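Asker: Input file: my_file.cif. Contents: mmCIF, C-alpha atoms.
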data_protein
#
loop_
_atom_site.label_atom_id
_atom_site.label_comp_id
_atom_site.auth_asym_id
_atom_site.auth_seq_id
_atom_site.Cartn_x
_atom_site.Cartn_y
_atom_site.Cartn_z
CA MET A 1 -43.83 -19.25 -15.04
CA ASP A 2 -42.32 -15.78 -14.68
CA SER A 3 -42.93 -14.22 -11.25
CA THR A 4 -41.76 -10.74 -12.30
CA PRO A 5 -44.60 -8.19 -12.20
CA GLY A 6 -45.71 -6.91 -15.61
CA PHE A 7 -44.78 -3.29 -14.92
CA VAL A 8 -41.17 -4.33 -14.19
CA ASN A 9 -40.95 -6.13 -17.53
CA LEU A 10 -42.43 -3.08 -19.26
CA LEU A 11 -39.96 -0.75 -17.53
CA ASN A 12 -37.04 -2.97 -18.44
CA SER A 13 -38.14 -3.09 -22.07
CA GLN A 14 -38.42 0.72 -22.32
CA CYS A 15 -35.46 1.82 -20.21
CA SER A 16 -31.82 0.95 -19.97
CA PHE A 17 -30.13 1.30 -16.62
CA ASP A 18 -26.65 2.74 -16.35
CA LEU A 19 -24.98 2.14 -13.00
CA ASP A 20 -23.07 5.43 -13.32
CA SER A 21 -26.28 7.42 -13.83
CA PRO A 22 -28.76 7.99 -10.99
CA GLU A 23 -31.71 7.84 -13.40
CA PRO A 24 -32.70 5.34 -16.10
CA ALA A 25 -32.25 6.46 -19.70
CA CYS A 26 -35.67 6.10 -21.33
CA GLY A 27 -36.75 6.80 -24.85
CA LYS A 28 -39.40 9.12 -23.41
CA GLU A 29 -36.90 11.72 -22.17
CA GLU A 30 -37.54 14.11 -25.06
CA GLU A 31 -41.30 13.87 -24.56
CA LEU A 32 -40.87 14.63 -20.88
CA SER A 33 -38.68 17.64 -21.61
CA GLN A 34 -41.30 18.95 -24.06
CA ILE A 35 -44.04 18.53 -21.47
CA HIS A 36 -41.85 20.29 -18.91
CA ALA A 37 -41.30 23.18 -21.33
CA MET A 38 -45.04 23.44 -22.00
CA LEU A 39 -45.77 23.52 -18.26
CA GLU A 40 -43.22 26.31 -17.79
CA ILE A 41 -44.89 28.33 -20.56
CA LYS A 42 -48.32 27.71 -19.03
CA GLU A 43 -47.09 28.87 -15.62
CA LYS A 44 -45.55 32.00 -17.14
CA LEU A 45 -48.79 32.84 -18.97
CA SER A 46 -50.76 32.31 -15.78
CA LYS A 47 -48.50 34.73 -13.91
CA GLN A 48 -48.80 37.29 -16.72
CA LYS A 49 -52.60 37.06 -16.62
CA MET A 50 -52.59 37.46 -12.84
CA LEU A 51 -50.39 40.57 -13.15
CA GLU A 52 -52.67 42.00 -15.86
CA CYS A 53 -55.66 41.57 -13.53
CA LEU A 54 -53.84 43.29 -10.68
CA LEU A 55 -52.72 46.16 -12.91
CA GLY A 56 -56.24 46.56 -14.33
CA LYS A 57 -57.98 46.76 -10.96
CA LYS A 58 -59.81 50.08 -10.44
CA GLU A 59 -60.00 49.99 -6.63
CA PRO A 60 -56.86 50.25 -4.48
CA LEU A 61 -54.91 47.02 -4.01
CA SER A 62 -54.64 45.34 -0.64
CA GLU A 63 -51.23 44.89 0.94
CA MET A 64 -51.11 41.27 -0.21
CA GLU A 65 -52.11 42.18 -3.77
CA THR A 66 -49.49 44.92 -3.87
CA SER A 67 -46.74 42.57 -2.71
CA LEU A 68 -47.88 39.94 -5.25
CA LYS A 69 -47.85 42.57 -8.01
CA LEU A 70 -44.32 43.63 -7.08
CA LYS A 71 -43.15 40.02 -6.93
CA LEU A 72 -44.64 39.19 -10.33
CA MET A 73 -43.16 42.32 -11.88
CA SER A 74 -39.70 41.52 -10.52
CA GLU A 75 -39.90 37.94 -11.84
CA MET A 76 -40.72 39.19 -15.33
CA LEU A 77 -37.79 41.58 -15.49
#
Take the structure in the file and write it out as structure tokens.

Answerer:
Amino acid sequence: MDSTPGFVNLLNSQCSFDLDSPEPACGKEEELSQIHAMLEIKEKLSKQKMLECLLGKKEPLSEMETSLKLKLMSEML
């Protein structure tokens, strides 16, 4: 009977370990990089929407809102 936990067997079947590399080389690396790229795009869109709301405000901005607006504008340039 094998005493190795199932998740270890699954990990070993999906990943190869290189002693020279700090991380295992999995077949899922491309998927992870695509997910990472999508999250970066989502974060950028969220910041753009926040800036649009701040720029569209009719009443004067608070000090915190003004500093956030300036920070978002500098990040986009």

Asker: Give me, as a ChimeraX atom specification, all polymer residues having an atom no more than 12 Å from Glu52 of chain A, counting all atoms listed in the file and skipping those fewer than 6 positions away in the same chain.

Answerer: /A:45-46,68-69,72-73

Asker: In Å, with one decimal, what is the gap from atom CA of Lys71 of chain A to atom CA of Lys47 of chain A?

Answerer: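 These atoms are spaced 10.3 Å apart.
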
Asker: For atom CA of Ser74 of chain A and atom CA of Lys58 of chain A, determine how far apart the two atoms are, in Å to one decimal place.

Answerer: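 That distance, rounded to one decimal, is 21.9 Å.
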
Asker: Could the centre and edge lengths of an axis-aligned box, enclosing all atoms of segment 33-45 of chain A in the file with 8 Å extra on each side, be given in Å to one decimal as JSON?

Answerer:
{"center_x": -43.7, "center_y": 25.2, "center_z": -19.8, "size_x": 26.1, "size_y": 31.2, "size_z": 24.4}

Asker: How many Å lie between atom CA of Glu75 of chain A and atom CA of Glu29 of chain A, rounded to one decimal?

Answerer: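 These two atoms are separated by 28.3 Å.
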
Asker: Starting from the structure just given, write a file holding segment 25-53 of chain A with N, CA and C atoms, as a compact mmCIF listing (two decimals), in the first residue's frame.

Answerer:
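As a result, selection.txt now contains:
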# COMPACT_ATOMS: atom_id res chain seq x y z
N ALA A 25 8.60 23.16 -12.72
CA ALA A 25 8.16 23.51 -14.07
C ALA A 25 6.90 22.72 -14.37
N CYS A 26 5.76 23.37 -14.36
CA CYS A 26 4.47 22.72 -14.59
C CYS A 26 3.97 23.03 -15.99
N GLY A 27 3.12 22.20 -16.48
CA GLY A 27 2.49 22.44 -17.76
C GLY A 27 1.47 23.56 -17.71
N LYS A 28 1.14 24.03 -16.53
CA LYS A 28 0.13 25.06 -16.33
C LYS A 28 0.73 26.46 -16.32
N GLU A 29 2.03 26.59 -16.60
CA GLU A 29 2.67 27.91 -16.51
C GLU A 29 2.06 28.91 -17.47
N GLU A 30 1.74 28.49 -18.68
CA GLU A 30 1.15 29.42 -19.65
C GLU A 30 -0.23 29.88 -19.20
N GLU A 31 -1.02 28.95 -18.65
CA GLU A 31 -2.33 29.33 -18.13
C GLU A 31 -2.20 30.35 -17.01
N LEU A 32 -1.25 30.12 -16.13
CA LEU A 32 -1.04 31.05 -15.03
C LEU A 32 -0.60 32.42 -15.52
N SER A 33 0.24 32.46 -16.54
CA SER A 33 0.67 33.75 -17.07
C SER A 33 -0.49 34.47 -17.75
N GLN A 34 -1.38 33.73 -18.39
CA GLN A 34 -2.57 34.35 -19.00
C GLN A 34 -3.49 34.91 -17.93
N ILE A 35 -3.68 34.17 -16.85
CA ILE A 35 -4.52 34.64 -15.75
C ILE A 35 -3.90 35.89 -15.13
N HIS A 36 -2.59 35.87 -14.97
CA HIS A 36 -1.89 37.03 -14.41
C HIS A 36 -2.07 38.25 -15.31
N ALA A 37 -1.99 38.06 -16.62
CA ALA A 37 -2.17 39.16 -17.56
C ALA A 37 -3.60 39.70 -17.49
N MET A 38 -4.58 38.79 -17.37
CA MET A 38 -5.97 39.23 -17.26
C MET A 38 -6.21 40.02 -15.98
N LEU A 39 -5.59 39.59 -14.88
CA LEU A 39 -5.74 40.32 -13.62
C LEU A 39 -5.11 41.70 -13.70
N GLU A 40 -3.98 41.82 -14.39
CA GLU A 40 -3.36 43.13 -14.57
C GLU A 40 -4.26 44.05 -15.38
N ILE A 41 -4.89 43.53 -16.42
CA ILE A 41 -5.81 44.32 -17.23
C ILE A 41 -7.01 44.75 -16.40
N LYS A 42 -7.53 43.83 -15.60
CA LYS A 42 -8.68 44.14 -14.75
C LYS A 42 -8.33 45.24 -13.75
N GLU A 43 -7.15 45.16 -13.16
CA GLU A 43 -6.72 46.18 -12.21
C GLU A 43 -6.57 47.54 -12.89
N LYS A 44 -6.01 47.54 -14.09
CA LYS A 44 -5.84 48.79 -14.84
C LYS A 44 -7.20 49.41 -15.17
N LEU A 45 -8.15 48.59 -15.61
CA LEU A 45 -9.49 49.10 -15.91
C LEU A 45 -10.18 49.64 -14.67
N SER A 46 -9.97 48.99 -13.55
CA SER A 46 -10.55 49.45 -12.29
C SER A 46 -10.00 50.82 -11.91
N LYS A 47 -8.68 51.00 -12.08
CA LYS A 47 -8.06 52.29 -11.78
C LYS A 47 -8.56 53.37 -12.72
N GLN A 48 -8.74 53.02 -14.00
CA GLN A 48 -9.25 53.99 -14.97
C GLN A 48 -10.67 54.43 -14.62
N LYS A 49 -11.50 53.47 -14.20
CA LYS A 49 -12.87 53.79 -13.83
C LYS A 49 -12.89 54.69 -12.59
N MET A 50 -12.02 54.39 -11.62
CA MET A 50 -11.94 55.20 -10.42
C MET A 50 -11.54 56.63 -10.77
N LEU A 51 -10.56 56.78 -11.67
CA LEU A 51 -10.12 58.11 -12.10
C LEU A 51 -11.24 58.84 -12.83
N GLU A 52 -11.97 58.14 -13.68
CA GLU A 52 -13.10 58.75 -14.38
C GLU A 52 -14.13 59.29 -13.40
N CYS A 53 -14.41 58.52 -12.34
CA CYS A 53 -15.37 58.97 -11.32
C CYS A 53 -14.86 60.22 -10.61
